[in-house]
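A.B. asks: So that we are looking at the same thing, I have put the structure below in structure tokens.
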Amino acid sequence: MPALTITSPDDPRIADYRALTDVELRTKWEPPNGLFIAEGELVIQRALRAGYELRSALVDQKRADQLTGLPPETPLYTAPAPVLESITGFHVHRGILASFHRRALTPLPELLANAKRIAVLEDLNTHTNLGALFRSAAALGIDAVVLSPSCADPLYRRAVRVSMGEVFAIPYAKSDDWPRTLTAIRDAGFTLLALTPADDAIPLQQLTPAQRARPALLLGAEGPGLTPHALLTSDARVSIPMQNGVDSLNVATAAAIAFWEICR
């Protein structure tokens with residue numbers, strides 16, 4: 001389809017891309033409308049390879065020829081940089097955006113049946129941390145991710161961008177019955193390992209072969225960490241040994257270290 005030029009930020013054809021920096025607005029717009037936004041050619045190509053259906057693309061006029069390999073029926077919109085910024089609310093330095101249809105999430109029983117090592121995230125509500133965590137999970141051997149109801153959306157633009165599209169590589173499920181989901185994970189044969197700096201936590205490298213067989217690594221939000229119920233439900237509390245009086249790490253960094261250790 002020939003590129004269609006957008007001259008006004010109020011053009012109804014590009015409603016998918018409005019106010020991309022407004023988290024509250026995007027949260028109310030994207031999941032209910034079954035869409036998500038990908039930014040940058042690499043991320044867009046990864047979404048296509050993962051089988052997500054493209055709705056449309058919006059490109060800086062100067063980069064109209066850069067985005068290739070789109071399905072021929074896909075609407076391709078171009079706009080001058082100032083108009084693009086007015087639409088999205090920020091300077092799109094990559095110059096390329098695309099809107100995709102979401103897919104139904106994998107049911108939790110199916111996800112657990114097909115995984116050997118999983119991450120379980122409780123109340124992790126920062127998109128950048130979530131995106132970084134998914135990237136590490138894909139790189140280091142985690143098979144799937146389970147999210148508590150209040151976790152951030154893995155398909156929010158910033159999470160997708162920080163993950164470099166690896167959110168498309170890891171199946172995930174979102175719990176609608178927390179914290180009972182933790183019991184369901186244990187019943188599926190996983191060992192719940194709660195990552196915590198608590199004094200009674202055992203160092204990760206001391207995990208037994210049995211604890212490593214089907215690990216479910218529990219991670220909480222920055223600051224509060226895991227809830228008391230999650231800690232009580234876990235089979236073991238584990239920690240990353242630290243030095244120089246440092247008591248904790250950024251959750252995405254801690255997750256990457258823990259993923260490497262339990263998957264090695």
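Lettering and numbering for the structure tokens are positional, with chains as A, B, ... in the shown order, residues counted from 1 in each chain, and ligands counted from 1 in the shown order.
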Enumerate as a ChimeraX atom specification all residues of range 18-145 of chain A assigned to alpha helix (DSSP H) by DSSP on the backbone, naming them with the chain letters and numbers the document uses.
C.D. replies: /A:23-29,41-49,81-88,108-113,127-140
A.B. asks: Residues of range 117-151 of chain A within 9 Å of range 213-217 of chain A: nearest atom pair and distance (Å, one decimal) for each, counting only C-alpha atoms, sorted by chain and number, as CSV?
C.D. replies:
```
residue,atom,partner,partner_atom,distance
A:Arg117,CA,A:Pro215,CA,5.2
A:Ile118,CA,A:Ala216,CA,4.8
A:Ala119,CA,A:Leu217,CA,4.8
A:Val120,CA,A:Leu217,CA,5.8
A:Leu121,CA,A:Leu217,CA,8.3
```
A.B. asks: Measure the distance from CA of His93 in chain A to CA of Ile170 in chain A in Å and round it to one decimal.
C.D. replies: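 Here the two named atoms are 27.1 Å from each other.
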A.B. asks: So that I can check the secondary structure, give me every residue of range 32-223 of chain A assigned strand (DSSP E) by backbone DSSP, as a PyMOL selection string.
C.D. replies: chain A and resi 35-39+54-60+76-79+96-101+118-121+144-147+172-174+191-195+202-203+215-219
A.B. asks: Return the single residue from A:Leu192, A:Val160, A:Ala50, A:Leu25 that is closest to Thr128 in chain A, with distances computed using only C-alpha atoms.
C.D. replies: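 Between A:Leu192, A:Val160, A:Ala50, A:Leu25, the residue approaching Thr128 in chain A most closely is A:Val160.
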A.B. asks: For Gln206 in chain A, work out the shell of residues within 12 Å, counting only C-alpha atoms and skipping chain neighbours fewer than 6 positions away, then give it as a list in words.
C.D. replies: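 Returned residues: Arg212, Ala236, Arg237, Val238, Ser239, Ile240, Pro241, Glu261 and Ile262 of chain A.
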A.B. asks: Considering only C-alpha atoms, can you say which of A:Leu111, A:Leu219, A:Ala194, A:Pro203 comes closest to Ser234 in chain A?
C.D. replies: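 Of A:Leu111, A:Leu219, A:Ala194, A:Pro203, the one nearest Ser234 in chain A is A:Ala194, counting only C-alpha atoms.
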A.B. asks: Can you list, as a VMD selection string, every protein, DNA or RNA residue that comes within 10 Å of Ser56 in chain A when you count only C-alpha atoms, leaving out same-chain residues fewer than 6 positions away?
C.D. replies: chain A and resid 13 to 14 16 to 17 37 70 to 71 73 to 77 97 to 101
A.B. asks: Using only C-alpha atoms, determine which residues lie at most 12 Å from range 224-226 of chain A, disregarding the query and same-chain residues fewer than 4 positions distant; provide the list as a PyMOL selection string.
C.D. replies: chain A and resi 120-125+148+179+193-198+217-220+230-234+237+248-251+254
A.B. asks: With distances taken over only C-alpha atoms, which residue among A:Thr126, A:Arg161, A:Tyr172, A:Glu85 lies nearest Asn114 in chain A?
C.D. replies: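 Counting only C-alpha atoms, the residue closest to Asn114 in chain A is A:Tyr172.
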A.B. asks: Can you measure CA of Thr183 in chain A to CA of Asp143 in chain A for me? One decimal in Å is fine.
C.D. replies: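 Result for CA of Thr183 in chain A versus CA of Asp143 in chain A: 19.1 Å, one decimal.
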A.B. asks: What's around Tyr52 in chain A at 12 Å? Count only C-alpha atoms, leave out sequence neighbours fewer than 3 positions away in its own chain, and write the answer as JSON, numbers by chain.
C.D. replies: {"A": [34, 35, 36, 37, 38, 43, 44, 45, 46, 47, 48, 49, 55, 56, 70, 71, 98, 99, 100, 101, 102, 103, 104, 155, 165, 167, 168, 169]}
A.B. asks: Restrict the selected residues to N, CA and C atoms and save them as a compact mmCIF listing (two decimals), in the first residue's frame.
C.D. replies:
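Result file is selection38.txt:
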```txt
# COMPACT_ATOMS: atom_id res chain seq x y z
N GLY A 34 -7.06 -4.03 22.35
CA GLY A 34 -6.32 -5.17 21.83
C GLY A 34 -5.13 -4.81 20.98
N LEU A 35 -4.38 -3.77 21.38
CA LEU A 35 -3.24 -3.35 20.57
C LEU A 35 -2.04 -3.06 21.47
N PHE A 36 -0.88 -2.97 20.84
CA PHE A 36 0.31 -2.45 21.51
C PHE A 36 1.18 -1.77 20.47
N ILE A 37 2.08 -0.92 20.94
CA ILE A 37 2.94 -0.13 20.06
C ILE A 37 4.38 -0.63 20.15
N ALA A 38 4.99 -0.84 19.01
CA ALA A 38 6.41 -1.20 18.93
C ALA A 38 7.17 -0.04 18.32
N VAL A 43 12.74 -3.94 16.67
CA VAL A 43 11.66 -4.45 17.51
C VAL A 43 10.44 -4.81 16.65
N ILE A 44 10.15 -3.97 15.66
CA ILE A 44 9.01 -4.25 14.78
C ILE A 44 9.22 -5.55 14.02
N GLN A 45 10.42 -5.76 13.50
CA GLN A 45 10.70 -6.99 12.77
C GLN A 45 10.60 -8.21 13.68
N ARG A 46 11.01 -8.07 14.94
CA ARG A 46 10.90 -9.19 15.88
C ARG A 46 9.44 -9.51 16.18
N ALA A 47 8.61 -8.46 16.29
CA ALA A 47 7.18 -8.69 16.51
C ALA A 47 6.56 -9.43 15.33
N LEU A 48 6.95 -9.05 14.12
CA LEU A 48 6.43 -9.72 12.92
C LEU A 48 6.87 -11.18 12.89
N ARG A 49 8.15 -11.43 13.21
CA ARG A 49 8.65 -12.81 13.19
C ARG A 49 7.96 -13.65 14.27
N ARG A 55 -1.24 -3.77 12.59
CA ARG A 55 -2.40 -2.93 12.31
C ARG A 55 -2.04 -1.80 11.35
N SER A 56 -0.91 -1.11 11.66
CA SER A 56 -0.46 0.01 10.84
C SER A 56 0.95 0.39 11.26
N LEU A 70 6.83 -5.15 5.17
CA LEU A 70 5.50 -5.12 5.77
C LEU A 70 4.51 -5.87 4.89
N PRO A 71 3.48 -6.47 5.48
CA PRO A 71 2.41 -7.05 4.66
C PRO A 71 1.84 -5.99 3.73
N ALA A 98 4.99 1.22 15.08
CA ALA A 98 3.99 0.33 14.49
C ALA A 98 3.00 -0.08 15.55
N SER A 99 1.77 -0.26 15.14
CA SER A 99 0.71 -0.73 16.02
C SER A 99 0.39 -2.18 15.65
N PHE A 100 0.34 -3.04 16.67
CA PHE A 100 0.08 -4.47 16.47
C PHE A 100 -1.15 -4.91 17.24
N HIS A 101 -1.78 -5.97 16.74
CA HIS A 101 -2.85 -6.63 17.49
C HIS A 101 -2.24 -7.51 18.57
N ARG A 102 -2.83 -7.47 19.77
CA ARG A 102 -2.43 -8.39 20.82
C ARG A 102 -2.96 -9.79 20.53
N ARG A 103 -2.37 -10.75 21.23
CA ARG A 103 -2.87 -12.13 21.14
C ARG A 103 -3.36 -12.57 22.51
N ALA A 104 -4.20 -13.57 22.53
CA ALA A 104 -4.66 -14.12 23.80
C ALA A 104 -3.47 -14.70 24.55
N LEU A 155 3.68 -5.51 27.26
CA LEU A 155 3.57 -4.99 25.90
C LEU A 155 3.41 -3.47 25.85
N GLY A 165 12.45 -6.23 22.19
CA GLY A 165 11.52 -7.15 21.56
C GLY A 165 11.53 -8.55 22.13
N VAL A 167 10.25 -9.51 24.81
CA VAL A 167 8.95 -9.86 25.40
C VAL A 167 8.15 -10.76 24.47
N PHE A 168 8.49 -10.73 23.17
CA PHE A 168 7.79 -11.59 22.22
C PHE A 168 8.32 -13.02 22.26
N ALA A 169 9.49 -13.21 22.88
CA ALA A 169 10.13 -14.53 22.86
C ALA A 169 9.77 -15.39 24.06
```
